[in-house]
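With mmCIF, C-alpha atoms inside, this is my_file_16.cif:
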```
data_upload
#
loop_
_atom_site.label_atom_id
_atom_site.label_comp_id
_atom_site.auth_asym_id
_atom_site.auth_seq_id
_atom_site.Cartn_x
_atom_site.Cartn_y
_atom_site.Cartn_z
CA MET S 28 0.00 0.00 0.00
CA PRO S 29 1.42 3.44 -0.89
CA PRO S 30 2.05 5.81 2.06
CA LEU S 31 -1.00 7.87 2.93
CA VAL S 32 -1.17 11.64 3.18
CA SER S 33 -0.96 12.70 6.82
CA GLY S 34 -2.61 15.43 8.81
CA SER S 35 0.69 17.34 8.89
CA ASP S 36 0.84 17.13 5.08
CA VAL S 37 -2.58 18.80 4.90
CA GLU S 38 -1.51 21.46 7.41
CA ALA S 39 1.55 22.25 5.27
CA ALA S 40 -0.69 22.60 2.21
CA ALA S 41 -2.95 24.95 4.17
CA ARG S 42 0.02 27.22 4.93
CA LEU S 43 0.96 27.20 1.24
CA LEU S 44 -2.60 28.07 0.19
CA ALA S 45 -3.05 30.92 2.69
CA GLY S 46 -4.08 34.00 0.73
CA VAL S 47 -4.47 31.96 -2.46
CA VAL S 48 -7.78 30.14 -1.98
CA ARG S 49 -10.96 31.32 -0.38
CA ARG S 50 -12.04 30.00 3.00
CA THR S 51 -15.49 29.04 1.76
CA PRO S 52 -18.55 29.51 3.98
CA LEU S 53 -20.42 26.86 5.91
CA GLU S 54 -24.14 27.45 5.42
CA HIS S 55 -26.82 25.89 7.60
CA SER S 56 -29.58 24.02 5.73
CA ARG S 57 -32.85 23.98 7.64
CA GLY S 58 -34.46 21.87 4.90
CA LEU S 59 -31.90 19.10 5.39
CA ALA S 60 -31.78 19.52 9.16
CA ASP S 61 -35.53 18.90 9.40
CA ARG S 62 -35.08 15.62 7.55
CA VAL S 63 -31.97 14.45 9.40
CA GLY S 64 -33.20 15.50 12.84
CA GLY S 65 -30.18 17.62 13.68
CA PRO S 66 -27.91 20.33 12.27
CA VAL S 67 -26.81 19.99 8.63
CA TRP S 68 -24.30 22.35 7.07
CA LEU S 69 -23.24 22.87 3.46
CA LYS S 70 -19.54 23.49 2.81
CA CYS S 71 -19.81 25.78 -0.21
CA GLU S 72 -16.83 24.98 -2.42
CA ASN S 73 -19.03 26.01 -5.34
CA LEU S 74 -18.12 29.53 -4.17
CA GLN S 75 -14.38 28.79 -4.34
CA ARG S 76 -12.11 30.52 -6.85
CA ALA S 77 -12.61 28.97 -10.31
CA GLY S 78 -15.88 27.50 -9.03
CA SER S 79 -14.68 24.36 -7.23
CA PHE S 80 -12.26 22.87 -4.70
CA LYS S 81 -9.84 21.91 -7.48
CA ILE S 82 -7.71 25.06 -7.18
CA ARG S 83 -6.53 23.78 -3.78
CA GLY S 84 -4.85 20.65 -5.11
CA ALA S 85 -3.70 22.15 -8.41
CA TYR S 86 -1.95 25.09 -6.76
CA THR S 87 -0.31 22.87 -4.14
CA ARG S 88 1.05 20.54 -6.81
CA ILE S 89 2.34 23.24 -9.19
CA ALA S 90 3.79 25.39 -6.41
CA ARG S 91 5.96 22.47 -5.31
CA LEU S 92 7.51 21.94 -8.73
CA THR S 93 11.05 23.13 -9.23
CA ASP S 94 11.68 26.25 -11.27
CA ALA S 95 13.00 24.05 -14.07
CA GLU S 96 9.87 21.89 -14.05
CA ARG S 97 7.55 24.91 -14.12
CA ALA S 98 9.57 26.33 -17.03
CA ARG S 99 8.68 23.21 -19.06
CA GLY S 100 4.98 23.90 -18.52
CA VAL S 101 2.22 21.74 -17.08
CA VAL S 102 -0.41 19.59 -18.73
CA ALA S 103 -3.67 18.20 -17.35
CA ALA S 104 -6.79 16.30 -18.38
CA SER S 105 -10.19 17.23 -17.05
CA ALA S 106 -13.89 17.47 -17.79
CA GLY S 107 -13.79 21.02 -16.46
CA ASN S 108 -13.13 21.77 -12.81
CA HIS S 109 -9.56 20.43 -12.58
CA ALA S 110 -8.93 22.16 -15.91
CA GLN S 111 -9.91 25.52 -14.46
CA GLY S 112 -7.99 24.90 -11.25
CA VAL S 113 -4.80 24.03 -13.15
CA ALA S 114 -5.22 26.95 -15.55
CA LEU S 115 -5.67 29.48 -12.74
CA ALA S 116 -2.89 28.02 -10.56
CA ALA S 117 -0.46 27.91 -13.50
CA ARG S 118 -1.19 31.53 -14.36
CA GLN S 119 -0.58 32.60 -10.76
CA LEU S 120 2.70 30.66 -10.63
CA GLY S 121 3.99 31.71 -14.05
CA ALA S 122 3.73 28.33 -15.82
CA GLU S 123 2.31 27.58 -19.26
CA ALA S 124 -0.66 25.21 -19.06
CA THR S 125 -2.13 22.85 -21.66
CA VAL S 126 -5.37 21.10 -20.80
CA PHE S 127 -6.94 18.15 -22.62
CA MET S 128 -10.71 18.00 -22.21
CA PRO S 129 -13.29 15.44 -23.44
CA GLU S 130 -15.05 16.43 -26.65
CA ALA S 131 -18.35 16.67 -24.76
CA ALA S 132 -16.97 18.94 -22.02
CA PRO S 133 -19.46 21.72 -21.16
CA LEU S 134 -18.76 24.81 -23.23
CA PRO S 135 -18.70 27.22 -20.25
CA LYS S 136 -15.98 25.08 -18.63
CA VAL S 137 -13.95 25.07 -21.85
CA ALA S 138 -14.34 28.84 -22.20
CA ALA S 139 -13.43 29.46 -18.55
CA THR S 140 -10.30 27.30 -18.84
CA ARG S 141 -9.17 29.29 -21.86
CA GLY S 142 -10.05 32.48 -20.01
CA TYR S 143 -7.55 31.58 -17.27
CA GLY S 144 -4.86 31.41 -19.93
CA ALA S 145 -4.55 27.69 -20.66
CA THR S 146 -4.32 26.13 -24.12
CA VAL S 147 -7.29 23.76 -24.46
CA ARG S 148 -7.22 20.67 -26.65
CA LEU S 149 -10.23 18.40 -27.05
CA GLY S 150 -9.23 14.75 -26.90
CA GLY S 151 -11.62 11.80 -27.12
CA PRO S 152 -15.20 11.19 -26.02
CA THR S 153 -14.44 10.62 -22.32
CA LEU S 154 -11.97 11.66 -19.64
CA THR S 155 -10.10 8.36 -20.11
CA GLU S 156 -9.06 9.31 -23.66
CA ALA S 157 -8.28 12.89 -22.62
CA MET S 158 -6.06 11.55 -19.85
CA ALA S 159 -4.17 9.34 -22.30
CA ALA S 160 -3.70 12.28 -24.67
CA ALA S 161 -2.38 14.46 -21.85
CA ARG S 162 0.11 11.82 -20.76
CA ALA S 163 1.32 11.40 -24.33
CA PHE S 164 1.74 15.18 -24.60
CA ALA S 165 3.77 15.21 -21.38
CA ALA S 166 6.07 12.46 -22.68
CA GLU S 167 6.52 14.26 -25.99
CA THR S 168 7.12 17.80 -24.69
CA GLY S 169 8.53 17.36 -21.20
CA SER S 170 5.58 19.16 -19.61
CA VAL S 171 4.71 18.02 -16.09
CA PHE S 172 1.49 16.05 -15.91
CA ILE S 173 -0.77 17.35 -13.11
CA HIS S 174 -2.95 14.42 -12.11
CA PRO S 175 -6.52 15.39 -11.15
CA PHE S 176 -6.53 13.27 -8.00
CA ASP S 177 -3.84 10.58 -7.62
CA HIS S 178 -0.88 12.55 -6.23
CA PRO S 179 0.07 13.31 -2.60
CA ASP S 180 0.30 17.08 -3.19
CA VAL S 181 -3.11 17.15 -4.86
CA ILE S 182 -4.67 15.11 -2.06
CA ALA S 183 -3.06 17.29 0.61
CA GLY S 184 -4.36 20.44 -1.08
CA GLN S 185 -7.88 19.07 -1.31
CA GLY S 186 -7.63 18.01 2.32
CA THR S 187 -7.62 21.65 3.40
CA VAL S 188 -11.39 21.54 2.86
CA GLY S 189 -11.51 19.04 5.73
CA MET S 190 -9.40 21.26 7.98
CA GLU S 191 -11.78 24.14 7.41
CA VAL S 192 -14.79 21.93 8.14
CA LEU S 193 -13.34 20.93 11.53
CA GLU S 194 -12.59 24.55 12.39
CA GLN S 195 -15.99 25.87 11.24
CA CYS S 196 -18.04 23.02 12.76
CA PRO S 197 -16.08 21.66 15.76
CA ASP S 198 -18.84 19.25 16.79
CA VAL S 199 -19.32 17.68 13.34
CA ALA S 200 -20.21 13.98 13.48
CA THR S 201 -20.47 13.10 9.76
CA VAL S 202 -18.79 14.55 6.68
CA VAL S 203 -20.35 13.61 3.33
CA VAL S 204 -18.21 14.10 0.23
CA CYS S 205 -18.85 14.05 -3.54
CA THR S 206 -16.47 11.50 -5.04
CA GLY S 207 -15.12 10.76 -8.53
CA GLY S 208 -11.47 9.74 -8.59
CA GLY S 209 -11.29 10.23 -4.83
CA GLY S 210 -8.82 13.08 -4.36
CA LEU S 211 -11.20 15.25 -2.35
CA VAL S 212 -12.52 12.54 -0.05
CA SER S 213 -8.98 11.17 0.43
CA GLY S 214 -7.69 14.55 1.54
CA ILE S 215 -10.68 15.30 3.74
CA ALA S 216 -10.43 11.87 5.37
CA ALA S 217 -6.71 12.39 6.03
CA ALA S 218 -7.38 15.75 7.69
CA VAL S 219 -10.35 14.52 9.71
CA ARG S 220 -8.73 11.27 10.90
CA ALA S 221 -5.69 13.18 12.18
CA ARG S 222 -7.74 15.50 14.39
CA ARG S 223 -11.11 13.81 14.94
CA PRO S 224 -10.92 10.05 14.33
CA ASP S 225 -14.46 9.70 15.71
CA VAL S 226 -15.97 11.63 12.78
CA ARG S 227 -17.62 9.46 10.12
CA VAL S 228 -16.52 10.19 6.53
CA VAL S 229 -18.86 9.08 3.72
CA ALA S 230 -17.96 9.13 0.01
CA VAL S 231 -20.80 9.54 -2.50
CA GLN S 232 -20.61 8.51 -6.15
CA ALA S 233 -23.08 8.71 -9.03
CA ALA S 234 -24.55 5.22 -9.52
CA GLY S 235 -23.79 5.43 -13.24
CA ALA S 236 -20.10 6.11 -12.61
CA ALA S 237 -19.36 4.36 -9.31
CA SER S 238 -15.83 3.02 -9.68
CA PHE S 239 -14.96 2.57 -6.01
CA PRO S 240 -17.22 -0.35 -4.95
CA ALA S 241 -15.73 -2.85 -7.40
CA SER S 242 -12.21 -1.52 -6.88
CA LEU S 243 -12.51 -1.80 -3.10
CA ALA S 244 -13.82 -5.34 -3.42
CA ALA S 245 -10.93 -6.32 -5.71
CA GLY S 246 -8.26 -4.47 -3.73
CA ARG S 247 -7.02 -2.71 -6.86
CA PRO S 248 -8.36 -0.12 -9.34
CA VAL S 249 -10.92 -1.79 -11.60
CA PRO S 250 -11.95 0.38 -14.57
CA LEU S 251 -15.64 0.65 -15.37
CA ALA S 252 -16.62 -0.68 -18.79
CA SER S 253 -18.94 2.29 -19.32
CA MET S 254 -20.33 5.32 -17.50
CA ALA S 255 -23.63 7.17 -17.81
CA THR S 256 -24.34 10.16 -15.58
CA MET S 257 -25.13 13.85 -15.82
CA ALA S 258 -22.45 14.40 -13.14
CA ASP S 259 -19.54 14.75 -15.56
CA GLY S 260 -17.24 16.09 -12.85
CA ILE S 261 -17.27 12.77 -10.97
CA ALA S 262 -17.48 10.48 -14.00
CA VAL S 263 -14.10 8.78 -13.49
CA ALA S 264 -13.65 5.23 -14.78
CA ALA S 265 -11.29 4.09 -12.01
CA PRO S 266 -9.68 5.42 -8.85
CA GLY S 267 -5.92 5.71 -8.59
CA ASP S 268 -3.74 3.46 -6.47
CA LEU S 269 -3.23 6.25 -3.95
CA THR S 270 -6.85 7.36 -3.66
CA LEU S 271 -8.02 3.75 -3.43
CA ALA S 272 -5.62 3.21 -0.53
CA HIS S 273 -6.96 6.31 1.24
CA VAL S 274 -10.60 5.35 0.77
CA ALA S 275 -9.93 1.75 1.86
CA GLY S 276 -8.07 2.87 4.96
CA LEU S 277 -9.74 6.11 6.02
CA VAL S 278 -13.29 6.36 4.61
CA ASP S 279 -16.14 4.72 6.52
CA GLU S 280 -18.60 4.15 3.66
CA VAL S 281 -19.10 4.61 -0.06
CA ARG S 282 -22.68 5.31 -1.14
CA THR S 283 -24.23 5.85 -4.57
CA VAL S 284 -27.00 8.16 -5.76
CA SER S 285 -29.26 7.93 -8.80
CA GLU S 286 -29.79 10.50 -11.53
CA ASP S 287 -33.16 11.33 -9.98
CA ASP S 288 -31.44 11.85 -6.62
CA LEU S 289 -28.97 14.25 -8.25
CA SER S 290 -31.74 16.17 -10.01
CA ARG S 291 -33.78 16.53 -6.83
CA ALA S 292 -30.73 17.70 -4.90
CA LEU S 293 -29.79 20.28 -7.51
CA LEU S 294 -33.33 21.65 -7.44
CA PHE S 295 -33.24 21.62 -3.62
CA CYS S 296 -30.03 23.67 -3.60
CA LEU S 297 -31.52 26.19 -6.01
CA GLU S 298 -34.84 26.56 -4.20
CA ARG S 299 -33.93 26.11 -0.55
CA ALA S 300 -30.23 27.02 -0.26
CA LYS S 301 -30.14 29.63 -3.07
CA LEU S 302 -26.99 27.95 -4.42
CA VAL S 303 -26.09 27.20 -8.03
CA VAL S 304 -24.44 23.77 -7.99
CA GLU S 305 -23.38 21.43 -10.78
CA PRO S 306 -24.62 17.80 -10.73
CA ALA S 307 -21.25 16.44 -9.55
CA GLY S 308 -21.09 19.04 -6.82
CA VAL S 309 -24.47 18.12 -5.38
CA ALA S 310 -23.86 14.37 -4.87
CA ALA S 311 -23.36 14.68 -1.11
CA VAL S 312 -26.60 16.63 -0.73
CA ALA S 313 -28.34 14.01 -2.89
CA ALA S 314 -27.23 11.25 -0.54
CA VAL S 315 -28.55 13.08 2.52
CA LEU S 316 -31.88 13.81 0.82
CA ALA S 317 -32.23 10.22 -0.37
CA ASP S 318 -31.60 8.61 3.04
CA PRO S 319 -31.51 11.26 5.79
CA THR S 320 -31.59 8.83 8.71
CA ALA S 321 -28.29 7.29 7.59
CA PHE S 322 -26.25 10.32 8.66
CA ARG S 323 -25.58 11.17 12.31
CA PRO S 324 -25.79 14.93 12.94
CA PRO S 325 -24.23 17.38 12.97
CA VAL S 326 -23.64 16.68 9.29
CA VAL S 327 -21.47 18.62 6.85
CA ALA S 328 -22.20 17.95 3.16
CA VAL S 329 -19.46 19.23 0.88
CA VAL S 330 -20.88 21.08 -2.13
CA SER S 331 -17.85 20.62 -4.34
CA GLY S 332 -18.49 22.73 -7.45
CA GLY S 333 -20.82 25.15 -9.19
CA ASN S 334 -19.63 25.19 -12.79
CA ILE S 335 -22.73 24.18 -14.71
CA ASP S 336 -23.72 24.75 -18.32
CA PRO S 337 -26.94 26.84 -18.33
CA VAL S 338 -28.47 24.49 -20.92
CA LEU S 339 -27.78 21.51 -18.67
CA LEU S 340 -29.09 23.46 -15.69
CA LEU S 341 -32.42 23.95 -17.47
CA LYS S 342 -32.66 20.24 -18.30
CA VAL S 343 -31.70 19.14 -14.81
CA VAL S 344 -34.18 21.51 -13.17
CA GLN S 345 -36.95 20.12 -15.36
CA HIS S 346 -35.85 16.57 -14.56
CA GLY S 347 -35.67 17.41 -10.88
CA MET S 348 -39.16 18.85 -10.89
CA ALA S 349 -40.46 15.69 -12.56
CA ALA S 350 -38.60 13.51 -10.05
CA ALA S 351 -40.10 15.55 -7.20
CA GLY S 352 -43.63 15.08 -8.58
CA ARG S 353 -43.89 18.71 -9.65
CA TYR S 354 -44.69 17.76 -13.26
CA LEU S 355 -47.60 15.46 -14.08
CA SER S 356 -48.58 14.13 -17.50
CA LEU S 357 -52.10 12.68 -17.84
CA ARG S 358 -54.25 11.17 -20.58
CA VAL S 359 -57.92 11.94 -19.97
CA ARG S 360 -60.90 10.65 -22.01
CA VAL S 361 -63.68 13.17 -22.59
CA PRO S 362 -66.76 13.25 -24.85
CA ASP S 363 -65.99 14.61 -28.32
CA ARG S 364 -68.36 17.56 -28.15
CA PRO S 365 -68.09 21.32 -27.66
CA GLY S 366 -67.29 22.38 -24.12
CA SER S 367 -65.71 19.12 -22.98
CA LEU S 368 -62.16 20.48 -23.03
CA ALA S 369 -63.27 23.67 -21.27
CA GLY S 370 -64.92 21.58 -18.58
CA LEU S 371 -61.73 19.55 -18.03
CA LEU S 372 -59.59 22.68 -17.87
CA ALA S 373 -62.00 24.26 -15.39
CA GLU S 374 -61.78 21.14 -13.23
CA LEU S 375 -57.97 21.37 -13.27
CA ALA S 376 -58.07 25.07 -12.45
CA GLY S 377 -60.24 24.30 -9.45
CA LEU S 378 -57.59 21.82 -8.30
CA SER S 379 -54.85 24.51 -8.62
CA ALA S 380 -52.99 22.45 -11.23
CA ASN S 381 -51.22 24.69 -13.74
CA VAL S 382 -51.71 23.47 -17.34
CA LEU S 383 -48.48 23.68 -19.34
CA SER S 384 -49.65 22.04 -22.58
CA VAL S 385 -52.67 20.29 -24.10
CA GLU S 386 -53.00 17.89 -27.05
CA HIS S 387 -55.94 16.00 -28.60
CA GLU S 388 -55.89 12.39 -29.81
CA ARG S 389 -58.80 11.07 -31.87
CA THR S 390 -57.24 8.12 -33.73
CA THR S 391 -56.36 5.73 -30.91
CA ALA S 392 -58.02 2.35 -31.42
CA GLN S 393 -58.93 2.11 -27.74
CA LEU S 394 -61.21 5.14 -27.94
CA ASP S 395 -64.95 4.64 -28.28
CA LEU S 396 -66.85 6.44 -31.00
CA GLY S 397 -67.58 9.96 -29.78
CA GLU S 398 -64.61 10.05 -27.41
CA VAL S 399 -61.40 12.05 -27.55
CA GLU S 400 -58.30 11.61 -25.45
CA VAL S 401 -56.76 14.79 -24.08
CA GLY S 402 -53.11 14.80 -23.07
CA VAL S 403 -52.38 17.41 -20.42
CA HIS S 404 -48.98 18.31 -19.00
CA LEU S 405 -49.39 19.90 -15.57
CA GLU S 406 -47.32 21.65 -12.95
CA THR S 407 -48.28 20.60 -9.41
CA ARG S 408 -47.13 21.45 -5.91
CA GLY S 409 -45.56 18.02 -5.43
CA SER S 410 -46.29 14.30 -5.37
CA ASP S 411 -49.15 14.57 -2.82
CA HIS S 412 -50.86 17.21 -4.94
CA ALA S 413 -50.38 15.05 -8.05
CA VAL S 414 -52.14 12.14 -6.35
CA GLU S 415 -54.93 14.50 -5.28
CA VAL S 416 -55.40 15.76 -8.86
CA ILE S 417 -55.72 12.23 -10.28
CA ALA S 418 -58.16 11.16 -7.55
CA ALA S 419 -60.32 14.27 -8.00
CA LEU S 420 -60.56 13.79 -11.77
CA SER S 421 -61.57 10.17 -11.25
CA ARG S 422 -64.26 11.20 -8.78
CA ALA S 423 -65.53 13.69 -11.35
CA GLY S 424 -66.12 10.81 -13.77
CA TYR S 425 -63.06 11.15 -16.00
CA ALA S 426 -61.13 8.10 -17.22
CA VAL S 427 -57.55 9.07 -16.32
CA ARG S 428 -54.17 7.47 -16.79
CA SER S 429 -50.74 8.94 -16.13
CA ASP S 430 -47.93 8.83 -18.69
#
```
Please express the file's structure as structure tokens.
Amino acid sequence: MPPLVSGSDVEAAARLLAGVVRRTPLEHSRGLADRVGGPVWLKCENLQRAGSFKIRGAYTRIARLTDAERARGVVAASAGNHAQGVALAARQLGAEATVFMPEAAPLPKVAATRGYGATVRLGGPTLTEAMAAARAFAAETGSVFIHPFDHPDVIAGQGTVGMEVLEQCPDVATVVVCTGGGGLVSGIAAAVRARRPDVRVVAVQAAGAASFPASLAAGRPVPLASMATMADGIAVAAPGDLTLAHVAGLVDEVRTVSEDDLSRALLFCLERAKLVVEPAGVAAVAAVLADPTAFRPPVVAVVSGGNIDPVLLLKVVQHGMAAAGRYLSLRVRVPDRPGSLAGLLAELAGLSANVLSVEHERTTAQLDLGEVEVGVHLETRGSDHAVEVIAALSRAGYAVRSD
């Protein structure tokens, strides 16, 4: 097993990062606290410089290069957040940066990385191919490859999030951490174990990109054959040797969350916490929402990043509203005569269901002569209201089915 990052390593990184990174706020979440039955706090790394925790590890790693190494430039591979962290850190430290990003990387992340002064190259459909391209570039040019998670300096830098959590919430009992390759949770676990070994540390992965469970079971990194998740920032095919060792030795539990869980959590952060968070950054909140009794309070959920494409934000909000029962699609049979549609719409108005769209269907074989099927897409106040709407329409004599 490779040597683990220690608490003193994290403390040294914190001294290096003083005045460079922002000490991000810890915000209380009453909505989560009500569910958990005790205090829940959000560690807002979405408000960090460059929009995520990644600047912490990137700056620590590049700052510790020799002058000769920095003169050769640095190269990285990232879906977005590590890219921006490396680009900003390299600019501050006077190094040229080249970043390989997947072809499907969100455009705002690509633009932001270029805006920090890095040269961006698109390489392959996933982060795996971009990583290979970056390594090849390093071998060809002599640039120093800045790994997104599997390096002691990177882990120590990310671990400063954990130090801040302990200082801001001294009585914390559980820390919940969004997890892709494992650099953040490894660093946080190293910091927490050194000072408060009684605190429970939970890693959370997207179910469609959960590389740690199989790797932990095998005792070695096991690459996923495929990944499918909206949380591109934690879509990592395999952990590294170093992060796997940290998670195996220091992390209490690895949990997974579904796409619906992520959507609901993103919507929750927007509505209740007034925070813009990307899908990867909201994984810890998603885990707490999905199973609140599993986390002993006080709980700190790390909100790891806020760099989200506005187009994706719109889609995720819509998906989250559907997952929360806020959207309801119904097929309702009514007589094919004047006034029938108006009567149905009046019924829905009386139920306080907002009609978003209406369509008629007259050619379905299941319809009787003289019937028409009306498709209505509704906005409701939630799942209980949706059930109430369906029941009320049935009581009014309508034949109703939900899509």
Selection result of the PyMOL selection byres ((chain S and resi 421) around 12) on this file, as a PyMOL selection string: chain S and resi 357-361+371+374-375+414-420+422-429
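Considering all atoms listed in the file, the residue among S:Gly150, S:Gly214, S:Pro135, S:Gly142 positioned nearest to Glu38 in chain S is S:Gly214.
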message: Nearest residue to Gly207 in chain S out of S:Pro362, S:Pro152, S:Gly308, S:Gly112, using all atoms listed in the file?
response: S:Gly308
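Of the listed residues (S:Val32, S:Val231, S:Ala103, S:Ile82), S:Ala103 comes nearest to Val147 in chain S; the distances count all atoms listed in the file.
Look at range 324-328 of chain S: the protein and nucleic acid residues within 8 Å of it, using all atoms listed in the file and passing over chain neighbours fewer than 6 places away, are Val63, Gly64, Gly65, Pro66, Val67, Trp68, Leu69, Lys70, Val192, Asp198, Val199, Ala200, Thr201, Val202, Val203, Val204, Ala311 and Val312 of chain S.
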task: Go ahead and compute the interatomic distance for CA of Pro266 in chain S and CA of Gly208 in chain S, in Å to one decimal.
output: 4.7 Å
